[in-house]
Amino acid sequence: MTTRSFGAPVTRNEDARLLSGRALFVDDVELPGMLYAAFLRSNVAHARINSIDVSEARARNGVVAVYTAEDLGDYWAPGPLLVPPPPIKDITFNQRTQVPLAKDKVRHVGEPLAVVLAETRYLAEDALSDIALDLEPLPAVVDLEKALADTSACVHDGVRGNLAALVRQSRGNYAAARARADRIISRRFLYDHGASSPIETRGIVASWDDRAGRLTVWDTTQAPVFLRNGLAGMLGLSERQVRVIAPFVGGGFGPKIMLFYPEEVVIPWAAMKLNRPVKWIEDRLEHFFATTHERGQTHDAEIALSADGRILGVKDIFLHDTGAYNPYGLTVPINSQCTLLGPYVIPNYDSTFRAIFTNKPIVTPYRGAGRQHGVFVIERLLDIAARELGIDRAEIRRRNLIPPDAFPYDNEIIYQDFAPLSYDSGNYEPILDKALEMIGYHHFLAEEQPRLRAQGRHVGVGVVCYVEGTGIGPYEGAKVQVQNNGKVSIATGIGTQGQGHFTVFAQVAADQLGVSVRDIDIVTGDTDQFYWGAGTFASRGAVVAGNAVNEAAKVVRQKILKLAAEHFECAEEDLEIIDGKVSVVGVPGQSIKLGELAVRANPMRGAVKPGTEPGLESTQYFGPSGGATASGVHAMIVEVDSQTFTLEVLKYVVVHDCGTVINPLILAGQIHGGVAQGVGNAFYEQLVFDEEGQLLNASLADYLLPTSLEAPRTEIGHTVTPSPLNPLGVKGAGEAGAIPVGPLFAQAIEDALGLAERKIELNEIPLSPTRLFELASQQQ
Amino acid sequence: MTTDTHDIAVTVNGKVYKRTVEGRLLLSDFIRHDLSLAGTHVGCEHGVCGACTILFDGVAARSCLMFAAQANGHSLETVEGLAPDPEHLHPLQEAMRDCHGLQCGYCTPGILMTMKAFLEETASPDEAQVREALSGNLCRCTGYQHIVDAVLLAAERARGSSK
């Protein structure tokens, strides 16, 4: 093959449609006779429902129906447990999943109580104010430690102490390690993660075709196949009667993988019941309550070290806020527990967490999915250890990195994918070296910083390491098909929310099939086009679906060569596929177009050999034996204004190893976007709840997403350690940018303000100018 | 609820649309759902995210903060009007594609309209000016870096072609 597209910075196939406003998003679906839904939501966090009177709303002009939990009858049921607890010994797990419309009790602000269906959205929202609601407020469970007390109110009757889960995992013997340590460091760390805030909120359109007996649902989901399967089951339909389409989706970042949201249960049911299409589009205020969050953990952590800075062991006990329900099982806190171990040799580890029900919106994974929390703890412990032991911050990390000859490296605990936490491959020290070089670490500390300090400027440097478990199973599939017009069609079951699937999957197939990336048409997220799949989450699309595309393309290549060899009566080895044609090497003029071969592969008349399959197509599946572990180092130089405590990032570097790179342009975009979200988490974004469980800053004017003025220009470096767990050697990259930004900010800001000299530590995230002022002003 | 209605005539991308609308109908909903120009997106409906930005008599404006009736007699431009024809893109759209300035693409129409107005006023911007002009449009995917690169590239290409 002349030019390889795999590995090249190919611009995207999907962009022309998106740039010209021709891409279909859920709210763009318009159907004749469509009704519009609006939900009445609880305005208190915890209450008993005495009564809901919807009679006046039903009587309003333009209102077609109003439903409460009672109207759902037998259809009303708590949602499924999406992710059961992993097989960890002696685990406690109390399953309490969300319900379609609240019955008896509401458990968080924004929980839906009733739905109005009307001829326009404006009328539906008008009718919400007609509903008479009698709620009897109960004490709200908000604080994690208070929630555990016997005297606390209970989010769920019968779950004392609001304990959703209790999990302990350990390796080695921490107590013994502690006994022989030269230095023990214990601290409390608070890490809060926020709302993913995609610019497109959630939305659903459902349409029931009574004659065809088919339900079509357009949904902003990251998991169309499981949505279809679940809806079919709930509605008493077969899977073939339900088509779920996740069209272009305006950002996901995790919360759109959650199912079933109450609206996803109610809207299709209403469309069938009324035999009219129904649309519901979440507004931004609803999004802050009705879409899942990630939130806070409180860690009491201890590290035992030798005098030369070697980690002997870590003990961690933490509380995790799971919100009012726990449909996503233990994924987030397990990720925190596992990712704390990072790229380091930690021979003895003892970690216990309690997941706590609170009267706040549900917590499910958001980009990083709990990894941030764990990384913050170990990185901060190492910073404090470096200071107490008089070792350089980068050096103490280097001394503890897992050596390159130790892979696959078994951490001896269980990961979120139920498999042992094992790192497939890695070479960490060159990543650290490259990051230190790119940020100019030693030069900065030796020369720049003293010079800037002499000028009265507060400039500091930070460097942090992390690993990212990516590309987990179970599997994905792909169907690759050469069309009669010579173009190639590829369908997969995953959804797409901006990752560039229309381009990277085409790159994977293009080289195999000798066609241009532009001549490959990708279909994602349409269950009628591809039947099986799990979804887009956990940085797994390129790894799992990408390898399925590769396997299917390999088979199609063989079919092309076999058919062409028969046509030319030559050996397959004498053929090459270039520019959409199969040619006999060295014989000019002897060539046939792929489209022509596709026609020949599906003869209309005549006999075929027994066993012949029609078409140039193949469907293949790929399921890795375990997740591929990516890794990286972020480094930053930051200036703090000592009057206003605002920041300016002067330089930001990411060095990253995600195995073989399919498209460096798209990879850079993933990292830039992740860093921006990490910066938001570290310094700008915080969901602020009061003691009543009310979210006080539920608008984009008050919940501060980074703008172009806060997101730093990021320089990216790569190292490549291919994964041995898949033929392409790729690892995921979707979350890498976002994971270690919190500890990086804490470390660099401490350095900038010289806080260590004043014994002040930044052991919480998010920070903000106000919070930084408070912390930096202590003990003065 | 009593409804007050207004007969309006609005020019969008050079075409005149005559409609009868409720007084409370948002301009963003009018453009998207009444005119089926769904390329203009709605992200927050409180004027912060900038996804619904259009050009109102040539000035970048948030269509979620206006009523359709206010557009009566005015001329609007939306993302659908940028490209010269279905086969070609506007130079700013081309630069966005070349620099990978979009991921999910949801905020993109608002950014294109904001930056079109900006570049018409500022032919030779530096990075700080682009970032300032872009700061009223939220993007959750890209971290803005490739958008900034795209706007700088589009400006450079425009200067090159006008020489």
# chains A, B, ... in the order shown; residues from 1 in each chain; ligands from 1
>>> residues_around(residues="Leu647 (chain A)", least_positions_apart="3", cutoff="10 Å", atoms="only C-alpha atoms", output="count of residues only")
15
>>> interface_residues(of="chain B", to="chain A", cutoff="7 Å", atoms="only C-alpha atoms", output="compact mmCIF listing (two decimals) with C-alpha atoms, in the first residue's frame")
# COMPACT_ATOMS: atom_id res chain seq x y z
CA ALA B 38 -32.02 23.37 13.12
CA GLY B 39 -28.32 24.08 12.69
CA GLY B 43 -27.50 24.81 25.05
CA CYS B 44 -28.64 26.76 28.09
CA VAL B 48 -24.42 31.92 28.80
CA VAL B 79 -24.93 28.58 10.20
CA GLU B 80 -26.91 27.29 7.22
CA ALA B 83 -21.25 27.88 3.06
CA GLN B 93 -15.55 26.25 8.37
CA ARG B 97 -12.04 21.20 9.89
CA ASP B 98 -8.33 21.51 9.09
CA HIS B 100 -9.87 19.81 14.31
CA GLN B 103 -15.55 17.37 18.39
CA CYS B 104 -19.24 16.79 19.13
CA GLY B 105 -20.02 19.85 17.02
CA TYR B 106 -22.91 21.05 19.16
CA CYS B 107 -21.42 24.42 20.14
CA THR B 108 -19.87 24.84 16.68
CA PRO B 109 -22.62 26.80 14.88
CA ARG B 131 -9.45 33.97 23.13
CA GLU B 132 -11.16 37.11 24.41
CA LEU B 134 -14.31 33.39 21.98
CA SER B 135 -14.80 33.57 25.73
CA LEU B 138 -18.69 27.51 25.86
CA CYS B 139 -17.20 24.38 24.36
CA ARG B 140 -16.96 21.32 26.59
CA CYS B 141 -15.03 19.06 24.18
CA THR B 142 -12.04 20.81 22.66
CA GLY B 143 -10.42 22.85 25.41
CA TYR B 144 -10.60 25.66 22.78
CA GLN B 145 -7.01 25.26 21.59
>>> closest_residue(among="A:Arg457, A:Arg354, A:Arg600, A:Arg605", to="Gly754 (chain A)", atoms="only C-alpha atoms")
A:Arg457
